[in-house]
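Some notes on the structure that comes next.
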Amino acid sequence: MRNKENFSFGVLSWVSLIVILSTGILEMVSPEGVFLSWGYIVGVLVALMSEKKRDIIISVILSLIFVSISFFRIEDEAELLTILITRSYALIGLGFMGYFVLRYIKRELKTANEKTLMAGIFSHGTQGIILTKQNGEIVMVNPFAEVLFGFKANTLTRCNINQLIKQTTVSETPNDLSAIPNKFKAIRNDGEEFAAEISANHYHSGGEYYTVQFITDITQRNADEEKLLAQKQELEIVNQQLKSFSYSVSHDLRSPLRAVGGYAEMLAEDYSTRLDEEANRLLRNIRSNAKRMGTLIDDLLTFSRLGRKEVHKRMINMNQIAEAALAEVSESLTHQAKVTIEALPEVMADQSLMRHVLTNLVSNAIKYSSKCTEPIVKISFTQDENDFIFCVSDNGVGFDMKYVNKLFGVFQRLHLDSEFEGTGVGLAIVYRIIQKHGGTIRAEAKVGAGAAFYFTLPLEQSNSATVQTSDSIGYTVETTRFLGSQKSNNN
Amino acid sequence: MKNSIVEILLIEDNEHDAEMTIRALKKNRITNGVIHLKDGEQALHFLFGTGEFDGRNTNEKPKVILLDLKMPKVDGIEVLQQIKSNELTKTIPVVVLTSSKENPDIEKCYALGVNSYIVKPVDFTGFMEAITHSGMYWVMLNQPPQ
């Protein structure tokens with residue numbers, strides 16, 4: 001019986017809360033009941049503190065279910081079952097409470113941590129940050145702003161932003177502020193001005209408009225910019241001087257040179273019969289040197305002009321270019337040469353510049369093979385994954401690979417003028433043109449065994465992964481010509 | 001001035017170039033009526049009958065004017081401009097002879113109405129050929145307006 005009373009008391013102690021809630025009359029209060037009822041209230045409060053609506057709703061619904069079910073169980077007097085059920089409900093309720101409390105604590109800790117981190121950004125930022133009200137009154141500054149202006153934070157917060165920055169960055173209407181940095185003159189505590197770049201943004205909080213200003217000292221940057229600008233102007237002047245130099249070379253040197261050559265020529269025309277052999281030899285030397293100097297000047301000017309020329313790329317047929325180059329070379333050909341042109345692809349390049357390249361390489365090949373009994377020149381082509389590779393080769397005198405690095409320099413020659421005429425500008429021009437096309441050029445040679453010049457043009461620019469060779473547009477696969485003679489052979 | 005008809009008016013400040021030009025013309029039997037003037041100012045006086053050429057019959061027009069561009073005082077461009085903007089002289093063919101391939105003035109000359117633009121070859125033979133061809137063409141072949 002006693003056990004049963006204890007049991008009933010236990011039951012009542014659990015359900016007392018329910019009786020209070022349903023009837024409004026306090027029948028019995030037990031410590032556990034009080035604990036639990038307050039527990040639920042705390043649980044609900046915690047849930048209320050939560051920013052998530054879902055938590056509040058879950059908490060309230062659970063409490064209501066709990067209360068009503070417990071009430072009905074008692075009416076049925078299924079005491080034992082009721083106790084078990086209410087106990088378990090209570091435990092579930094406690095579980096939820098614990099969950100909410102823990103989550104609340106965790107969230108608070110996380111927020112606190114984030115706040116610390118954010119405060120760290122503010123206090124360790126390497127830009128001056130100043131928060132002002134709409135009227136420019138300074139509310140808050142970060143340590144870097146103190147460094148920037150040389151005032152302590154408590155001094156700054158008694159100032160208006162207009163006292164620090166010459167042209168105000170605070171606008172009448174907060175919406176027209178720009179986040180794009182603008183340049184201003186700022187004033188340090190010693191009265192010295194410094195160039196500042198300021199970007200500002202604004203927000204609304206607690207019925208007040210705030211403007212946050214990010215300030216950078218750009219004194220050094222300005223100095224650097226000025227230095228760069230000065231250097232740029234200097235370069236422009238030098239470039240201009242270079243242009244007028246080449247104009248002057250072209251114009252002013254040509255006239256006296258023509259006069260030297262011209263008078264020597266006139267002398268030869270009018271008086272050669274009255275001059276002895278030696279005098280005539282000297283005169284010939286004057287004439288040939290004047291002529292050579294004319295060629296040098298012209299080549300140098302071509303080099304400088306092609307260097308300045310813009311590259312106009314379009315799809316060009318390299319076979320047609322090679323044919324044109326051959327025609328140009330054969331005009332001034334004095335000996336016979338066999339020239340073979342393989343099927344070449346279409347490439348993205350500047351037509352006149354490419355023609356210049358091929359004309360130059362082919363005329364070199366013919367020139368340096370002129371002393372062979374059977375000069376053979378070949379224009380061939382391969383490709384790798386990145387480039388078209390063109391090759392112009394001959395079976396001529398070649399050169400010592402020891403001097404290959406001198407090959408593409410201006411006025412650099414590997415042969416005596418008495419052996420092979422030339423100014424040493426041609427390959428320098430070729431090098432420059434290929435470079436401007438994003439390609440490379442190299443040479444392979446052996447003394448007495450010919451030379452081969454390989455130049456590349458980037459594949460991607462010709463935007464075709466598959467090579468479209470010229471034979472697809474009606475060209476024979478390979479053409480062989482005998483320049484300098486009537487013989488012509490296509491195979 | 002003499003009464004002989006002026007066939008070629010050579011406006012050239014460089015006496016050596018002028019000598020070579022005249023030599024080339026002479027070789028082609030164009031000897032009479034070649035007038036050489038040494039700068040642009042003198043050329044304008046000649047063409048418009050002013051200054052030292054006051055009273056010259058300006059209706060006697062040369063068959064062609066060979067004009068150098070780079071000259072002291074009044075340069076070739078200005079001479080060209082004055083020739084082509086004056087009713088009296090604008091029908092006279094003008095051949096510009098210049099030393100420079102690099103000359104940026106070529107477009108300007110054509111815009112002003114030049115009839116021909118020749119870059120003087122630096123070698124003597126080429127120079128002689130250029131003068132001969134242009135001289136023969138303008139003096140012998142070309143039919144000027146009546």
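By convention in this document, the chains of the structure tokens carry letters A, B, ... by their order, each chain's residues are numbered from 1, and ligands are numbered from 1 in the order they are shown.
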
Output as a PyMOL selection string the set of chain B residues within 10 Å of chain A, with distances taken over only C-alpha atoms.
chain B and resi 14-17+19-20+23+70+98-104+120-125+127-128

Run DSSP on the backbone and tell me which residues of range 76-315 of chain A come out as alpha helix (DSSP H); list them as a ChimeraX atom specification.
/A:79-124,143-149,153-156,161-164,219-252,254-271,277-308

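Here CA of Gly33 in chain B and CA of His133 in chain B stand 17.6 Å from one another.
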
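Counting from CA of Leu66 in chain B, the distance to CA of Phe53 in chain B is 18.9 Å.
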
In terms of the shortest atom-to-atom distance over only C-alpha atoms, which of B:Ile83, B:Val114, B:Val139, B:Ile30 is closest to Val64 in chain B?
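Among the listed residues, the smallest separation from Val64 in chain B belongs to B:Val139.
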